[in-house]
Amino acid sequence: MIMRDVVRTSERYSWPLYRRSVQGIASQFGELTGLHGLGSPHRLEVAPYVVTKNRSTPQPSGFGRTQKMTVGGDIKYGLTSNLTLDATINPDFGQVEADPAQLNLTAFETFLAEQRPFFLEGTGIFSFAGDASRLFYSRRIGRAPQLGGLVSDPTADVPGETPILGAAKLTGRLSQGTSLGTLFAVTGDQSVGPTLIEPRTFYGLVRASQDFRNGESAVGTMFTLVNRDLDDASALRLRRQALTGGIDARHRFAGGRYSLAASLATSVVSGTAAAIDRTQRNAVHYYNRPDAGLSYDATRTSLSGTDIRLKADKVAGTLTYGGQYERLSPGFETNDLGFLSQADQQFAQFYAVVQSSQPRAFWRNANASVYQYNQFTANGMPVTNYTELDLFAEFNNRMTFSANMWADNIMTAYCDRCARGGPAVRATPDVNLLINVGADPRRTIVPTLAAIYTVADYGKSTLWRVRPYVTVRARSNLSWELGTRYQRNRNDTQWFANLGAIGSDTTHYLFAHLDQELLSFTSRLNYTATTALSLQLYAEPFLTTGRYFNVRELASPRSASYDARYRPYPLSTDDASFNIKELHASAVARWEYRPGSTVFLVWTQGRDQDDRNAGTFVPTRDFKDLFAARPDNTFLVKASYWINF
């Protein structure tokens, strides 16, 4: 398919004709035939590199600096014209932008987007059942050490990542319509003094998918393996081995207007009884919930589960619709190499979308969507439900507007995770409105605005957030982005603590009212001086404060009366308030001194402070304190040399 977008007139020319009323692009491509006897030369590219890094580190008498030099390399080899082997030895991704600062007050892990080039390339082939992270979440490889919290020395230098000793992947598509992807990686062990904080770990993944009917149907399979080399102490906390496997299928029919999809995945994790006990009690499973009806067994040395998914959609035309059902058993666990927030659930979702793909009186395109979502535990207890209406329009002047409106828990539901292992609590309804407004993207200055407002707990909980953002394209080779975010969160049912052994009659499940404010700024600058020289700058100061009060404990958690669910509990919150400040900043200069060969000059700075002015929000004072805090600076030079055989 050949496309030409004319930004000035907002027109697109294509061959073959690209129809916006048909979902997907590749399925509309033209076909090239009649090519025979073409050679398939093997392509071998080698890029060795050297990295020198200077960073500040805490010392018993203050702070010092460490100098480290490492060598590594990347290899790319074309086994066939469409099957490529990529490998990396001792990789360093110091030039990659840092993750955004955030404070997570939930029981669940934060999902972070992958930004490392080796893992980004060809990731689509590892998607299972349309989900890019359930079985394979590449951020697990080289993750932050999982046992860093065991280091008792406050001045110890706990690394923020685990070194990758080597990784290799084979990706491509065979001539008979088979897509193939394999990935293997080994990360080194990390210790601080005598404490092992991350063991040496082996990761393996195989993904294959076979197309039929010119790509209208496919059947695939996927397997993953994780093996850890544990010592006696880490074996009490980490799983020794994790296996997952699954099969998925998709089918389009009636001229590609309808689709069906199904998948079945299973998992098995094993380790010591202590490690599997921790798995059962973590937020993904909470086997120990007193009213869960699950077979919690502290002597288990393995845990297994399944995930079943069925999906049907109408994917073409002005009106599209569909539904999905999924059931995850309580023991399903993929977090060793995948990403899973919660097992022990089943949910059904239905949706319908009406779209106008042809320009009308005052819009270029528009759509309206409705969703209905209901979630239950695997045993059938209603956990949550929501009804949503989404509206979107791109106007003739290229401005965009969207409004997302939804209501949660209009029907009776019980939150089985709110008490962090305690009994399920009846959920209260809430209503939400999210607005996004965008200006004409062709202009030199392009402002956008996102705002959300939520009301819950019969008006006792509210949240509102505004996020203005502006992109400035001063020249074709110079642009910068400036944005801010302010959030005010008043949560009347924020989990506070569990006192006593969970599940016993003497346990107190405590909640409190949280008054939280958040303010952050984001700035990026991209400058391309020449075709071989570029500069990127990034900075994000982040501030959030919170104050807890009005502590209560669960009294009658399933009561229909909001006030009857809790009763006062005499506990001071003076030490629970917080004032957290962080700064992430970086500058990356890239020089391609010869084709494929590059030099990166990188400077990163981090500041953090959480030891003063807890519970009070004064941005001028707090940001002044942040910029006066001791910075952690890292200077890095990375040089690679590309060799093409």
# chains A, B, ... in the order shown; residues from 1 in each chain; ligands from 1
$ select_by_dssp --residues "range 109-255 of chain A" --states "alpha helix (DSSP H)" --output "JSON, numbers by chain"
{"A": [117, 118, 119, 120]}
$ select_by_dssp --residues "range 214-283 of chain A" --states "strand (DSSP E or B)" --output "PyMOL selection string"
chain A and resi 217-229+241-253+258-270
$ closest_residue --among "A:Ile197, A:Arg309, A:Ala456, A:Ala474" --to "Thr444 in chain A" --atoms "only C-alpha atoms"
A:Ala474
$ residues_around --residues "Leu120 in chain A" --least-positions-apart "5" --cutoff "9 Å" --atoms "only C-alpha atoms" --output "list of chain:residue names"
A:Glu114, A:Gln115, A:Ser138
$ residues_around --residues "Gly615 in chain A" --least-positions-apart "6" --cutoff "7 Å" --atoms "only C-alpha atoms" --output "ChimeraX atom specification"
/A:545-547,577-579
$ write_last_selection --atoms "N, CA, C and O atoms" --output "compact mmCIF listing (two decimals), in the first residue's frame"
# COMPACT_ATOMS: atom_id res chain seq x y z
N THR A 545 1.40 15.24 48.28
CA THR A 545 1.28 15.24 49.74
C THR A 545 -0.05 14.60 50.12
O THR A 545 -1.01 14.59 49.33
N GLY A 546 -0.11 14.06 51.32
CA GLY A 546 -1.34 13.43 51.78
C GLY A 546 -1.46 13.46 53.28
O GLY A 546 -0.46 13.40 54.00
N ARG A 547 -2.69 13.55 53.73
CA ARG A 547 -2.98 13.57 55.17
C ARG A 547 -4.13 12.63 55.45
O ARG A 547 -5.18 12.68 54.79
N SER A 577 1.03 10.83 57.57
CA SER A 577 1.02 11.85 56.52
C SER A 577 2.32 11.79 55.73
O SER A 577 3.35 11.31 56.21
N PHE A 578 2.28 12.26 54.50
CA PHE A 578 3.47 12.19 53.66
C PHE A 578 3.60 13.44 52.80
O PHE A 578 2.63 14.16 52.53
N ASN A 579 4.82 13.71 52.40
CA ASN A 579 5.17 14.77 51.46
C ASN A 579 6.33 14.23 50.63
O ASN A 579 7.47 14.16 51.09
$ closest_residue --among "A:Ala47, A:Gly34, A:Met222, A:Gly94" --to "Ser127 in chain A" --atoms "only C-alpha atoms"
A:Met222
$ residues_around --residues "Gln324 in chain A" --least-positions-apart "5" --cutoff "9 Å" --atoms "only C-alpha atoms" --output "PyMOL selection string"
chain A and resi 309-313+347-350
$ closest_residue --among "A:Ala167, A:Leu636, A:Ile643, A:Val354" --to "Ser369 in chain A" --atoms "only C-alpha atoms"
A:Val354
$ residues_around --residues "Asn379 in chain A" --least-positions-apart "2" --cutoff "10 Å" --atoms "only C-alpha atoms" --output "PyMOL selection string"
chain A and resi 292-294+329-330+344-346+376-377+381-382
$ closest_residue --among "A:Gln28, A:Thr598, A:Phe617, A:Glu517" --to "Trp642 in chain A" --atoms "only C-alpha atoms"
A:Thr598
$ residues_around --residues "His251 in chain A" --least-positions-apart "2" --cutoff "7 Å" --atoms "only C-alpha atoms" --output "ChimeraX atom specification"
/A:216-218,249,253,259-261
